[in-house]
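Structure file work_37.txt; described as compact mmCIF, C-alpha atoms and all ligand atoms.
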# COMPACT_ATOMS: atom_id res chain seq x y z
CA MET A 1 2.31 -18.45 -6.75
CA THR A 2 3.14 -17.54 -3.14
CA ALA A 3 6.73 -18.51 -3.87
CA LEU A 4 7.05 -15.15 -5.65
CA LEU A 5 6.79 -13.26 -2.36
CA ASN A 6 9.44 -15.52 -0.86
CA GLN A 7 11.99 -15.07 -3.61
CA PRO A 8 15.15 -13.17 -2.71
CA LEU A 9 16.03 -10.13 -4.79
CA LEU A 10 19.56 -9.25 -5.86
CA LEU A 11 20.17 -5.52 -6.23
CA PRO A 12 22.70 -4.08 -8.72
CA ASN A 13 25.20 -3.37 -5.93
CA GLY A 14 25.22 -7.03 -4.81
CA THR A 15 22.84 -6.69 -1.81
CA LEU A 16 20.52 -9.65 -1.43
CA LEU A 17 17.06 -8.87 -0.05
CA PRO A 18 15.58 -11.99 1.58
CA ASN A 19 12.08 -11.63 0.12
CA ARG A 20 9.83 -9.32 -1.89
CA LEU A 21 8.20 -7.43 0.97
CA ALA A 22 9.48 -4.04 2.07
CA LYS A 23 8.40 -1.72 4.82
CA SER A 24 8.05 1.70 3.29
CA ALA A 25 9.23 4.68 5.37
CA MET A 26 6.97 5.79 8.20
CA SER A 27 8.08 8.73 10.28
CA GLU A 28 8.39 7.43 13.84
CA ALA A 29 8.59 10.80 15.63
CA LEU A 30 10.60 9.00 18.30
CA GLY A 31 13.58 11.34 18.44
CA THR A 32 14.15 13.56 21.48
CA THR A 33 13.07 17.21 21.52
CA ASP A 34 16.59 18.05 20.37
CA ASN A 35 16.32 15.42 17.64
CA ARG A 36 18.63 12.77 19.02
CA VAL A 37 18.21 9.03 18.47
CA THR A 38 16.38 7.16 21.27
CA PRO A 39 16.47 3.48 22.36
CA ALA A 40 12.78 3.22 21.43
CA LEU A 41 13.81 3.12 17.77
CA ALA A 42 15.86 -0.04 18.31
CA LEU A 43 12.93 -1.66 20.14
CA LEU A 44 10.54 -0.77 17.36
CA TYR A 45 12.79 -2.08 14.60
CA GLU A 46 13.52 -5.27 16.45
CA ARG A 47 9.77 -5.84 16.46
CA TRP A 48 9.56 -5.18 12.72
CA SER A 49 12.60 -7.32 11.99
CA ALA A 50 10.97 -10.23 13.82
CA GLY A 51 7.99 -9.86 11.49
CA ARG A 52 10.16 -10.95 8.53
CA THR A 53 9.67 -8.00 6.19
CA GLY A 54 12.77 -8.31 3.97
CA LEU A 55 13.65 -4.64 3.62
CA LEU A 56 12.96 -2.14 6.38
CA ILE A 57 13.21 1.50 5.37
CA THR A 58 13.28 3.84 8.35
CA GLY A 59 11.05 6.87 8.66
CA ASN A 60 12.58 10.07 7.34
CA VAL A 61 15.74 11.18 9.12
CA MET A 62 16.54 14.87 8.68
CA ILE A 63 19.89 15.89 7.30
CA ASP A 64 19.81 19.30 9.02
CA ARG A 65 18.53 19.92 12.54
CA GLN A 66 17.64 23.47 11.53
CA ALA A 67 15.26 22.07 8.93
CA LEU A 68 12.86 19.65 10.63
CA GLY A 69 9.72 18.25 9.05
CA GLU A 70 8.04 17.65 12.41
CA PRO A 71 8.89 17.72 16.12
CA ASN A 72 10.80 14.66 17.36
CA ASN A 73 12.37 13.88 14.00
CA VAL A 74 15.80 12.33 14.24
CA ALA A 75 18.44 14.63 12.72
CA LEU A 76 21.76 13.22 11.55
CA GLU A 77 24.69 15.58 11.15
CA ASP A 78 27.59 14.12 13.11
CA ASP A 79 28.79 11.30 15.36
CA ARG A 80 26.98 12.35 18.52
CA ASP A 81 24.48 9.48 18.41
CA ALA A 82 26.85 6.84 17.02
CA GLU A 83 26.09 4.24 19.67
CA LEU A 84 22.32 4.56 19.59
CA LEU A 85 22.40 4.53 15.80
CA ARG A 86 24.41 1.34 15.86
CA ALA A 87 21.88 -0.22 18.24
CA TRP A 88 19.07 0.83 15.88
CA ALA A 89 20.77 -0.67 12.81
CA ASN A 90 21.67 -3.88 14.69
CA ALA A 91 18.15 -4.35 16.01
CA ALA A 92 16.67 -3.81 12.57
CA SER A 93 18.86 -6.45 10.98
CA SER A 94 18.87 -8.83 13.96
CA GLN A 95 16.47 -11.30 12.32
CA GLY A 96 17.66 -11.19 8.75
CA ALA A 97 16.05 -8.02 7.43
CA VAL A 98 18.05 -5.47 5.47
CA CYS A 99 17.64 -1.93 6.83
CA TRP A 100 18.03 1.38 5.01
CA MET A 101 17.72 4.86 6.40
CA GLN A 102 15.51 7.34 4.60
CA LEU A 103 17.09 10.80 4.33
CA ASN A 104 15.04 13.94 3.97
CA HIS A 105 15.00 17.72 3.98
CA PRO A 106 11.48 19.17 4.22
CA GLY A 107 12.10 22.40 2.31
CA LYS A 108 8.99 24.50 2.84
CA GLN A 109 6.88 21.55 4.01
CA ALA A 110 7.69 22.23 7.66
CA PRO A 111 5.11 23.25 10.27
CA LYS A 112 4.94 26.95 11.03
CA GLY A 113 7.01 27.89 14.03
CA LEU A 114 9.10 24.73 14.14
CA ASN A 115 12.21 25.98 12.36
CA ARG A 116 13.77 29.40 12.71
CA GLU A 117 13.35 29.95 9.02
CA THR A 118 11.93 27.98 6.17
CA VAL A 119 13.76 27.52 2.88
CA ALA A 120 12.72 26.23 -0.52
CA PRO A 121 13.85 26.34 -4.16
CA SER A 122 11.77 29.52 -4.64
CA ALA A 123 10.13 32.00 -2.27
CA LEU A 124 6.65 30.64 -2.97
CA GLY A 125 4.23 29.58 -0.26
CA PHE A 126 1.74 26.76 -0.46
CA ASN A 127 -1.89 27.18 -1.39
CA GLU A 128 -4.22 29.07 0.95
CA GLN A 129 -5.40 26.05 2.88
CA LEU A 130 -1.88 24.85 3.65
CA GLN A 131 -0.53 28.31 4.43
CA ARG A 132 -2.12 27.94 7.84
CA PHE A 133 0.28 25.09 8.60
CA PHE A 134 3.41 25.83 6.62
CA ALA A 135 5.52 28.99 6.74
CA GLU A 136 6.36 31.26 3.82
CA PRO A 137 9.79 30.17 2.56
CA ARG A 138 12.90 32.06 1.53
CA ALA A 139 14.66 30.95 -1.68
CA LEU A 140 17.87 29.00 -1.19
CA THR A 141 21.13 30.44 -2.50
CA ILE A 142 23.34 28.32 -4.73
CA GLU A 143 25.83 28.02 -1.89
CA GLU A 144 23.12 26.73 0.45
CA ILE A 145 21.97 24.21 -2.17
CA GLU A 146 25.52 22.90 -2.38
CA GLN A 147 25.67 22.64 1.41
CA ILE A 148 22.43 20.66 1.51
CA ILE A 149 23.79 18.26 -1.10
CA GLY A 150 26.87 17.82 1.09
CA ARG A 151 24.65 17.15 4.10
CA PHE A 152 22.82 14.34 2.31
CA ALA A 153 26.20 12.75 1.57
CA GLN A 154 27.42 13.24 5.14
CA ALA A 155 24.28 11.70 6.63
CA ALA A 156 24.59 8.72 4.26
CA ALA A 157 28.20 8.18 5.34
CA LEU A 158 27.12 8.27 9.01
CA ALA A 159 24.33 5.78 8.33
CA LYS A 160 26.84 3.46 6.69
CA LYS A 161 29.23 3.78 9.60
CA ALA A 162 26.42 2.90 12.02
CA GLY A 163 25.68 -0.35 10.19
CA PHE A 164 22.68 0.50 8.02
CA SER A 165 23.11 -1.22 4.68
CA GLY A 166 21.64 1.52 2.55
CA VAL A 167 19.94 4.87 2.35
CA GLN A 168 16.89 6.07 0.51
CA ILE A 169 16.58 9.64 -0.74
CA HIS A 170 13.08 10.96 0.00
CA GLY A 171 12.19 12.38 -3.38
CA ALA A 172 8.41 12.14 -2.96
CA HIS A 173 5.39 13.70 -1.21
CA GLY A 174 6.23 17.37 -1.68
CA TYR A 175 9.44 17.70 0.39
CA LEU A 176 12.57 19.51 -0.81
CA VAL A 177 13.69 17.10 -3.56
CA SER A 178 10.15 17.01 -4.86
CA GLN A 179 9.90 20.83 -4.62
CA PHE A 180 12.98 21.13 -6.85
CA LEU A 181 11.42 18.79 -9.42
CA SER A 182 8.13 20.67 -9.58
CA PRO A 183 7.70 23.53 -12.08
CA LYS A 184 5.04 24.91 -9.77
CA HIS A 185 7.31 25.16 -6.74
CA ASN A 186 10.66 25.64 -8.45
CA GLN A 187 10.74 28.84 -10.47
CA ARG A 188 14.47 29.44 -10.26
CA GLN A 189 16.26 30.79 -13.26
CA ASP A 190 19.72 29.41 -12.48
CA ARG A 191 21.16 25.96 -13.10
CA TYR A 192 18.68 24.40 -10.60
CA GLY A 193 15.54 25.66 -12.30
CA GLY A 194 13.92 26.74 -15.53
CA SER A 195 14.08 23.62 -17.69
CA ALA A 196 13.09 20.11 -16.60
CA GLU A 197 16.75 19.16 -16.91
CA ASN A 198 17.76 21.94 -14.52
CA ARG A 199 15.01 21.02 -12.04
CA ARG A 200 16.30 17.46 -11.82
CA ARG A 201 19.91 18.57 -11.33
CA PHE A 202 19.42 18.79 -7.55
CA VAL A 203 18.30 15.18 -7.09
CA LEU A 204 21.03 13.90 -9.42
CA GLU A 205 23.70 15.82 -7.53
CA VAL A 206 22.32 14.50 -4.23
CA TYR A 207 22.55 10.96 -5.59
CA GLN A 208 26.06 11.45 -6.95
CA ALA A 209 27.34 13.02 -3.74
CA ILE A 210 25.90 10.16 -1.69
CA ARG A 211 27.37 7.56 -4.01
CA GLN A 212 30.75 9.18 -3.77
CA ALA A 213 30.54 9.17 0.03
CA VAL A 214 29.42 5.55 0.45
CA GLY A 215 30.96 3.66 -2.48
CA GLN A 216 29.49 1.21 -4.98
CA GLU A 217 28.57 -1.60 -2.61
CA PHE A 218 26.33 0.34 -0.28
CA SER A 219 22.70 0.55 -1.41
CA VAL A 220 21.32 3.88 -2.54
CA GLY A 221 17.68 4.14 -3.50
CA ILE A 222 15.06 6.83 -4.00
CA LYS A 223 11.35 7.25 -3.34
CA LEU A 224 9.77 9.22 -6.16
CA ASN A 225 6.32 10.42 -7.01
CA SER A 226 4.79 9.10 -10.20
CA ALA A 227 3.33 12.62 -10.45
CA ASP A 228 2.13 15.15 -7.93
CA PHE A 229 -1.41 15.34 -9.34
CA GLN A 230 -1.37 19.14 -9.40
CA LYS A 231 -2.10 21.53 -12.21
CA GLY A 232 1.20 22.90 -13.50
CA GLY A 233 3.06 20.42 -11.30
CA PHE A 234 5.41 17.47 -11.75
CA THR A 235 4.02 15.23 -14.50
CA GLU A 236 4.38 11.55 -15.25
CA GLU A 237 6.52 12.34 -18.28
CA GLU A 238 8.93 14.32 -16.17
CA SER A 239 8.99 11.64 -13.53
CA LEU A 240 9.95 9.11 -16.22
CA ALA A 241 12.79 11.39 -17.35
CA VAL A 242 14.09 11.63 -13.75
CA ILE A 243 13.94 7.85 -13.49
CA ASP A 244 15.90 7.45 -16.75
CA ALA A 245 18.60 9.76 -15.43
CA LEU A 246 18.86 8.08 -12.01
CA ALA A 247 18.89 4.62 -13.57
CA ALA A 248 21.70 5.66 -15.90
CA ALA A 249 23.58 7.03 -12.89
CA GLY A 250 23.38 3.60 -11.20
CA ILE A 251 20.73 3.88 -8.48
CA ASP A 252 19.93 0.51 -6.81
CA LEU A 253 16.19 0.75 -6.20
CA ILE A 254 13.39 3.09 -7.22
CA GLU A 255 10.29 3.20 -5.03
CA ILE A 256 7.23 4.63 -6.70
CA SER A 257 4.70 6.52 -4.67
CA GLY A 258 2.67 9.67 -5.25
CA GLY A 259 0.84 12.68 -3.92
CA THR A 260 1.65 15.64 -1.70
CA TYR A 261 -0.14 17.41 1.13
CA GLU A 262 -1.71 19.64 -1.51
CA ALA A 263 -3.05 16.64 -3.39
CA PRO A 264 -2.92 13.60 -1.11
CA VAL A 265 -3.57 10.26 -2.75
CA MET A 266 -2.72 8.14 0.23
CA SER A 267 -5.98 8.42 2.04
CA VAL A 268 -8.46 10.21 -0.13
CA GLY A 269 -10.05 10.35 -3.56
CA VAL A 270 -8.09 10.44 -6.79
CA VAL A 271 -7.95 6.65 -7.10
CA LYS A 272 -9.48 5.46 -10.34
CA GLU A 273 -11.75 2.45 -10.27
CA SER A 274 -9.36 0.45 -12.43
CA THR A 275 -6.62 1.19 -9.92
CA GLN A 276 -8.77 0.08 -7.02
CA GLN A 277 -9.47 -3.16 -8.78
CA ARG A 278 -5.76 -3.69 -9.20
CA GLU A 279 -5.16 -2.71 -5.61
CA ALA A 280 -1.96 -0.70 -5.70
CA TYR A 281 -2.33 2.97 -6.62
CA PHE A 282 0.74 3.34 -8.80
CA LEU A 283 0.93 0.07 -10.74
CA GLU A 284 0.12 1.53 -14.12
CA PHE A 285 2.98 3.94 -13.82
CA ALA A 286 5.32 1.13 -12.72
CA GLU A 287 4.54 -0.68 -15.95
CA LYS A 288 5.69 2.35 -17.93
CA VAL A 289 8.87 2.57 -15.88
CA ARG A 290 9.55 -1.13 -16.35
CA ALA A 291 9.39 -0.73 -20.10
CA ARG A 292 12.25 1.82 -19.93
CA VAL A 293 14.72 0.80 -17.23
CA ASN A 294 16.10 -2.37 -15.63
CA THR A 295 16.55 -0.84 -12.18
CA PRO A 296 14.70 -2.82 -9.47
CA LEU A 297 11.33 -1.26 -8.70
CA MET A 298 9.29 -1.10 -5.53
CA VAL A 299 5.72 0.14 -5.59
CA THR A 300 3.99 1.40 -2.45
CA GLY A 301 0.46 2.50 -1.76
CA GLY A 302 -2.62 0.38 -1.31
CA PHE A 303 -1.38 -3.24 -1.27
CA ARG A 304 -3.73 -5.11 1.06
CA THR A 305 -4.18 -8.68 -0.16
CA ARG A 306 -1.80 -11.51 -0.92
CA ALA A 307 -3.51 -12.10 -4.27
CA GLY A 308 -3.00 -8.44 -5.23
CA MET A 309 0.68 -8.57 -4.29
CA GLU A 310 1.29 -11.82 -6.10
CA ALA A 311 -0.48 -10.60 -9.22
CA ALA A 312 1.58 -7.42 -9.21
CA LEU A 313 4.84 -9.37 -8.88
CA ALA A 314 3.73 -11.90 -11.50
CA SER A 315 2.98 -9.09 -13.95
CA GLY A 316 6.67 -8.23 -13.89
CA ALA A 317 5.96 -4.53 -13.36
CA LEU A 318 7.70 -4.50 -10.00
CA ASP A 319 10.19 -6.40 -7.90
CA LEU A 320 9.24 -5.38 -4.39
CA VAL A 321 5.90 -4.80 -2.70
CA GLY A 322 5.98 -1.78 -0.42
CA LEU A 323 3.81 -1.79 2.70
CA ALA A 324 3.36 0.97 5.23
CA ARG A 325 0.09 1.26 7.15
CA PRO A 326 -0.55 -2.52 7.43
CA LEU A 327 2.81 -2.90 9.20
CA ALA A 328 2.01 -0.09 11.61
CA LEU A 329 -0.94 -2.13 12.81
CA ASP A 330 0.40 -5.64 12.40
CA PRO A 331 4.20 -6.00 12.46
CA ASP A 332 3.79 -9.72 11.63
CA TYR A 333 1.79 -9.08 8.48
CA ALA A 334 4.77 -10.00 6.27
CA ALA A 335 5.46 -13.24 8.15
CA GLN A 336 1.88 -14.35 7.61
CA LEU A 337 2.08 -13.57 3.90
CA LEU A 338 5.38 -15.40 3.56
CA ASN A 339 4.04 -18.41 5.48
CA ASP A 340 1.32 -18.82 2.93
CA GLU A 341 -1.41 -17.72 5.30
CA LEU A 342 -4.22 -15.43 4.26
CA PRO A 343 -3.86 -12.56 6.72
CA ARG A 344 -6.73 -10.19 7.27
CA ASN A 345 -6.04 -6.67 6.03
CA PRO A 346 -5.23 -5.00 9.36
CA THR A 347 -6.07 -1.45 8.24
CA PRO A 348 -9.51 0.08 8.84
CA SER A 349 -11.25 1.04 5.60
CA ARG A 350 -11.60 4.62 6.79
CA ILE A 351 -10.28 6.57 9.72
CA THR A 352 -12.72 9.33 10.36
CA THR A 353 -13.17 11.95 13.05
CA GLY A 354 -16.62 12.81 11.76
CA LEU A 355 -15.31 16.32 11.00
CA ALA A 356 -15.14 16.61 7.20
CA ALA A 357 -12.53 19.38 7.17
CA VAL A 358 -10.24 17.39 9.44
CA ASP A 359 -10.72 14.15 7.52
CA ARG A 360 -9.80 15.83 4.25
CA MET A 361 -6.29 16.45 5.53
CA GLY A 362 -4.03 13.45 5.07
CA LEU A 363 -2.25 14.62 8.22
CA MET A 364 -4.89 13.28 10.57
CA GLU A 365 -4.55 9.75 9.25
CA VAL A 366 -0.77 9.90 9.47
CA SER A 367 -1.04 10.98 13.10
CA TRP A 368 -3.42 8.14 13.93
CA TYR A 369 -0.90 5.65 12.55
CA THR A 370 1.97 7.37 14.37
CA ARG A 371 0.18 6.63 17.62
CA GLN A 372 0.02 2.95 16.65
CA ILE A 373 3.75 2.98 15.91
CA HIS A 374 4.38 4.48 19.34
CA ARG A 375 2.44 1.64 20.92
CA LEU A 376 4.64 -0.90 19.10
CA ALA A 377 7.79 0.92 20.18
CA ALA A 378 6.61 0.71 23.79
CA GLY A 379 6.14 -3.06 23.48
CA ARG A 380 2.34 -2.75 23.52
CA SER A 381 -0.16 -4.10 21.07
CA THR A 382 -1.73 -1.83 18.50
CA LYS A 383 -5.26 -0.50 18.83
CA PRO A 384 -7.07 -0.60 15.49
CA GLN A 385 -10.29 0.53 17.17
CA GLU A 386 -8.76 3.73 18.52
CA SER A 387 -11.05 6.71 18.10
CA ALA A 388 -9.86 9.09 15.40
CA LEU A 389 -11.44 12.04 17.15
CA LEU A 390 -9.56 11.34 20.36
CA ALA A 391 -6.36 10.81 18.42
CA PHE A 392 -6.94 14.10 16.62
CA ALA A 393 -7.48 16.01 19.86
CA GLY A 394 -4.29 14.48 21.25
CA ILE A 395 -2.39 15.51 18.15
CA ILE A 396 -3.54 19.12 18.27
CA VAL A 397 -2.43 19.45 21.86
CA SER A 398 0.82 17.55 21.55
CA SER A 399 1.98 19.01 18.23
CA GLY A 400 1.58 22.59 19.49
CA TRP A 401 3.35 21.69 22.72
CA LYS A 402 6.15 19.82 20.95
CA THR A 403 6.70 22.62 18.44
CA TRP A 404 6.90 25.10 21.31
CA LYS A 405 9.38 22.87 23.20
CA THR A 406 11.58 22.46 20.11
CA ARG A 407 11.69 26.21 19.50
CA ARG A 408 12.32 26.99 23.15
CA LEU A 409 15.25 24.61 23.24
CA ARG A 410 16.86 26.37 20.31
CA ALA A 411 16.24 29.90 21.54
C1 LIG A 501 2.46 7.35 9.95
C2 LIG A 501 3.02 7.49 8.56
C3 LIG A 501 4.23 8.12 8.38
C4 LIG A 501 4.80 8.21 7.11
N1 LIG A 501 6.04 8.75 6.99
C5 LIG A 501 6.68 8.69 5.80
C6 LIG A 501 8.05 9.06 5.69
O1 LIG A 501 8.71 9.45 6.67
N2 LIG A 501 8.60 8.99 4.47
C7 LIG A 501 7.92 8.54 3.37
O2 LIG A 501 8.51 8.48 2.30
N3 LIG A 501 6.64 8.18 3.44
C8 LIG A 501 6.01 8.21 4.62
N4 LIG A 501 4.71 7.76 4.72
C9 LIG A 501 4.04 7.22 3.52
C10 LIG A 501 4.21 5.68 3.39
O3 LIG A 501 5.56 5.33 3.24
C11 LIG A 501 3.44 5.11 2.18
O4 LIG A 501 3.95 5.69 1.01
C12 LIG A 501 1.94 5.34 2.27
O5 LIG A 501 1.47 5.11 3.59
C13 LIG A 501 1.18 4.45 1.29
O6 LIG A 501 1.44 3.10 1.54
P1 LIG A 501 0.36 2.13 2.32
O7 LIG A 501 -0.90 2.17 1.52
O8 LIG A 501 0.99 0.75 2.33
O9 LIG A 501 0.20 2.68 3.68
C14 LIG A 501 4.11 7.70 5.98
C15 LIG A 501 2.86 7.10 6.15
C16 LIG A 501 2.31 6.98 7.42
C17 LIG A 501 1.00 6.29 7.58
Please, can you express the file's structure as structure tokens?
Ligand SMILES: Cc1cc2nc3c(=O)[nH]c(=O)nc-3n(C[C@H](O)[C@H](O)[C@H](O)COP(=O)(O)O)c2cc1C
Amino acid sequence: MTALLNQPLLLPNGTLLPNRLAKSAMSEALGTTDNRVTPALALLYERWSAGRTGLLITGNVMIDRQALGEPNNVALEDDRDAELLRAWANAASSQGAVCWMQLNHPGKQAPKGLNRETVAPSALGFNEQLQRFFAEPRALTIEEIEQIIGRFAQAAALAKKAGFSGVQIHGAHGYLVSQFLSPKHNQRQDRYGGSAENRRRFVLEVYQAIRQAVGQEFSVGIKLNSADFQKGGFTEEESLAVIDALAAAGIDLIEISGGTYEAPVMSVGVVKESTQQREAYFLEFAEKVRARVNTPLMVTGGFRTRAGMEAALASGALDLVGLARPLALDPDYAAQLLNDELPRNPTPSRITTGLAAVDRMGLMEVSWYTRQIHRLAAGRSTKPQESALLAFAGIIVSSGWKTWKTRRLRA
């Protein structure tokens, strides 16, 4: 049975992934204040590459430095970081892993005060609770939408030039691509909104522009939500229609995930008992996708045991097991799985500050894991016992300070 995890996977473009384990994107927040690449990224990815995960997908890299999702993102617009990018790509693939860069634009999901202005498909803010964190957006013009599509393609070409072997479009978790897909957030009446077909035009044009820029042999994938679990939002049916269209257009890999900051599924609630029993949150949806398209599928969210991963692969519903948080705590988790060991799930069952309002926000958990990633990048060991309350206090102080520094630099 374990042999399933060790099997290579051939993607439609001819890329061979060495095994069935993939590191899903985790934002590293290791860029400089002015969003340049740093040597720490190469160190971090060398560590992950040594851990034998077959496919390493980087944390989200922003395609526009005026549109950051968080302080210390890396932004990729031109050749200025060519050497450090090359070092990053080389380190990531130094031990046989294949490395893709995730590309993102946050749309309106950007912290208040970080960017000079916030843009989105429509001038609609988030719900009341999130309005405290995210600014009120302005609606993009058609010309700006076309420029953003061009930026995705440009960033993909730069990633290719640096030696990454693929890119992944971030189409999940409530960022710009996902905002375009959602009838709740996209209320445009032009060719990018209105009907479901118009709402998916943006992501299809992003894919086509990237493909044109990088050619047929470079890998292009997407991370998509199965649904956004919101009333009046992006439904499973619509997600399936987007998948049909991207598969027909020739995408190499579809990663299935779910949730947004408004309705997080990563850390809290929503998970049905049947899903818990089957470990991964989005397996049922993957089965529906599998029945419709032949495109290789990766499913991410909740995989924690070798038996669960093997059963999911054996069911045929997916081709790649996506792992995020376990690899932030144990970069050798994949190696242990591939060596037929029975590794302990490295993730704590719950990361809690003891403050209910804070714990409800998925953001706190993400920040706790970011601190673990920073320890790995510094060559230190991770600290699974780290206090969530202390981490939270650190985050409050440092995120305000970092946002202020980013803005000051641009003033
Ligand atoms: C610290 C952290 C940062 C993340 N950053 C990203 C990101 O940049 N892009 C993305 O698509 N998902 C991001 N995610 C979500 C993960 O890729 C993954 O979908 C989620 O953690 C569920 O998988 P898991 O149960 O294996 O952790 C992040 C998660 C964590 C914990």
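Proximity to Pro111 of chain A was assessed for A:Glu136, A:Glu144, A:Glu70, A:Glu255 counting only C-alpha atoms; the smallest distance is recorded for A:Glu70.
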What's the 10 Å shell around Asp359 of chain A, counting all atoms listed in the file, without same-chain residues fewer than 5 positions away, as a list in words?
Ser267, Val268, Arg350, Ile351, Thr352, Thr353, Gly354, Met364, Glu365, Ala388, Leu389 and Phe392 of chain A
Do a neighbour search on Gly171 of chain A at 8 Å with only C-alpha atoms, toss out local chain neighbours closer than 2 positions, and write the hits as a PDB file with C-alpha atoms, in the coordinates of the input.
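Produced file around02.pdb, reproduced below:
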ATOM      1  CA  ILE A 169      16.580   9.640  -0.740  1.00  0.00           C
ATOM      2  CA  HIS A 173       5.390  13.700  -1.210  1.00  0.00           C
ATOM      3  CA  GLY A 174       6.230  17.370  -1.680  1.00  0.00           C
ATOM      4  CA  TYR A 175       9.440  17.700   0.390  1.00  0.00           C
ATOM      5  CA  LEU A 176      12.570  19.510  -0.810  1.00  0.00           C
ATOM      6  CA  VAL A 177      13.690  17.100  -3.560  1.00  0.00           C
ATOM      7  CA  SER A 178      10.150  17.010  -4.860  1.00  0.00           C
ATOM      8  CA  VAL A 203      18.300  15.180  -7.090  1.00  0.00           C
ATOM      9  CA  ILE A 222      15.060   6.830  -4.000  1.00  0.00           C
ATOM     10  CA  LYS A 223      11.350   7.250  -3.340  1.00  0.00           C
ATOM     11  CA  LEU A 224       9.770   9.220  -6.160  1.00  0.00           C
ATOM     12  CA  ASN A 225       6.320  10.420  -7.010  1.00  0.00           C
TER      13      ASN A 225
END
For Arg201 of chain A: contacts at 8 Å, all atoms listed in the file, fewer than 4 positions along chain excluded, given as a ChimeraX atom specification
/A:191-192,197,205
Select the residues contacting ligand LIG 501 (chain A) at a distance of at most 6 Å, based on only C-alpha atoms and all ligand atoms, then format the selection as a PyMOL selection string.
chain A and resi 24-27+59-60+170+257+266+300-303+323-325+366-367+369-370
Using all atoms listed in the file, which of the listed residues (A:Ile251, A:Leu181, A:Leu21, A:Ala110) sits closest to Ser239 of chain A?
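Closest to Ser239 of chain A, using all atoms listed in the file: A:Leu181.
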I need every residue sitting at most 9 Å from the point (23.5, 6.4, 8.5) (coordinates as in the file, all atoms listed in the file considered), written as a PDB file with C-alpha atoms, in the frame of the given file.
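Listing of selection17.pdb after writing:
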ATOM      1  CA  LEU A  76      21.760  13.220  11.550  1.00  0.00           C
ATOM      2  CA  LEU A  85      22.400   4.530  15.800  1.00  0.00           C
ATOM      3  CA  ARG A  86      24.410   1.340  15.860  1.00  0.00           C
ATOM      4  CA  ALA A  89      20.770  -0.670  12.810  1.00  0.00           C
ATOM      5  CA  TRP A 100      18.030   1.380   5.010  1.00  0.00           C
ATOM      6  CA  MET A 101      17.720   4.860   6.400  1.00  0.00           C
ATOM      7  CA  GLN A 102      15.510   7.340   4.600  1.00  0.00           C
ATOM      8  CA  LEU A 103      17.090  10.800   4.330  1.00  0.00           C
ATOM      9  CA  GLN A 154      27.420  13.240   5.140  1.00  0.00           C
ATOM     10  CA  ALA A 155      24.280  11.700   6.630  1.00  0.00           C
ATOM     11  CA  ALA A 156      24.590   8.720   4.260  1.00  0.00           C
ATOM     12  CA  ALA A 157      28.200   8.180   5.340  1.00  0.00           C
ATOM     13  CA  LEU A 158      27.120   8.270   9.010  1.00  0.00           C
ATOM     14  CA  ALA A 159      24.330   5.780   8.330  1.00  0.00           C
ATOM     15  CA  LYS A 160      26.840   3.460   6.690  1.00  0.00           C
ATOM     16  CA  LYS A 161      29.230   3.780   9.600  1.00  0.00           C
ATOM     17  CA  ALA A 162      26.420   2.900  12.020  1.00  0.00           C
ATOM     18  CA  GLY A 163      25.680  -0.350  10.190  1.00  0.00           C
ATOM     19  CA  PHE A 164      22.680   0.500   8.020  1.00  0.00           C
ATOM     20  CA  SER A 165      23.110  -1.220   4.680  1.00  0.00           C
ATOM     21  CA  GLY A 166      21.640   1.520   2.550  1.00  0.00           C
ATOM     22  CA  VAL A 167      19.940   4.870   2.350  1.00  0.00           C
TER      23      VAL A 167
END
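Candidate residues A:Ala172, A:Leu363, A:Leu246, A:Ile148 were compared for distance to Ser399 of chain A, and the nearest is A:Leu363, using only C-alpha atoms.
For the pair atom CA of Glu217 of chain A and atom CA of Gly250 of chain A, the interatomic distance is 11.3 Å.
Proximity ranking of A:Leu204, A:Ala391, A:Arg410, A:Gln95 relative to Arg65 of chain A places A:Arg410 first, based on all atoms listed in the file.
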Atom CA of Phe285 of chain A to atom CA of Glu236 of chain A: how many Å, to one decimal?
7.9 Å
Between atom CA of Val242 of chain A and atom CA of Asn186 of chain A, what is the spacing in Å?
15.4 Å
Restrict the calculation to only C-alpha atoms, then for each residue of segment 211-232 of chain A with any atom at most 12 Å from an atom of segment 8-15 of chain A give the closest atom pair and their distance in Å to one decimal, rows by chain and rising residue number, as JSON lines.
{"residue": "A:Arg211", "atom": "CA", "partner": "A:Asn13", "partner_atom": "CA", "distance": 11.3}
{"residue": "A:Val214", "atom": "CA", "partner": "A:Asn13", "partner_atom": "CA", "distance": 11.8}
{"residue": "A:Gly215", "atom": "CA", "partner": "A:Asn13", "partner_atom": "CA", "distance": 9.7}
{"residue": "A:Gln216", "atom": "CA", "partner": "A:Asn13", "partner_atom": "CA", "distance": 6.3}
{"residue": "A:Glu217", "atom": "CA", "partner": "A:Asn13", "partner_atom": "CA", "distance": 5.1}
{"residue": "A:Phe218", "atom": "CA", "partner": "A:Asn13", "partner_atom": "CA", "distance": 6.9}
{"residue": "A:Ser219", "atom": "CA", "partner": "A:Asn13", "partner_atom": "CA", "distance": 6.5}
{"residue": "A:Val220", "atom": "CA", "partner": "A:Asn13", "partner_atom": "CA", "distance": 8.9}
{"residue": "A:Gly221", "atom": "CA", "partner": "A:Leu11", "partner_atom": "CA", "distance": 10.3}
Identify which of the residues A:Trp404, A:Arg200, A:Arg116, A:Leu4 lies closest to Gly316 of chain A, counting all atoms listed in the file when measuring atom-to-atom distances.
A:Leu4
Please write out, as JSON, where the centre of an axis-aligned box around all listed atoms of segment 64-76 of chain A lies and how long its edges are, in Å to one decimal, after adding 8 Å on each side.
{"center_x": 14.9, "center_y": 17.9, "center_z": 13.1, "size_x": 29.7, "size_y": 27.1, "size_z": 24.4}
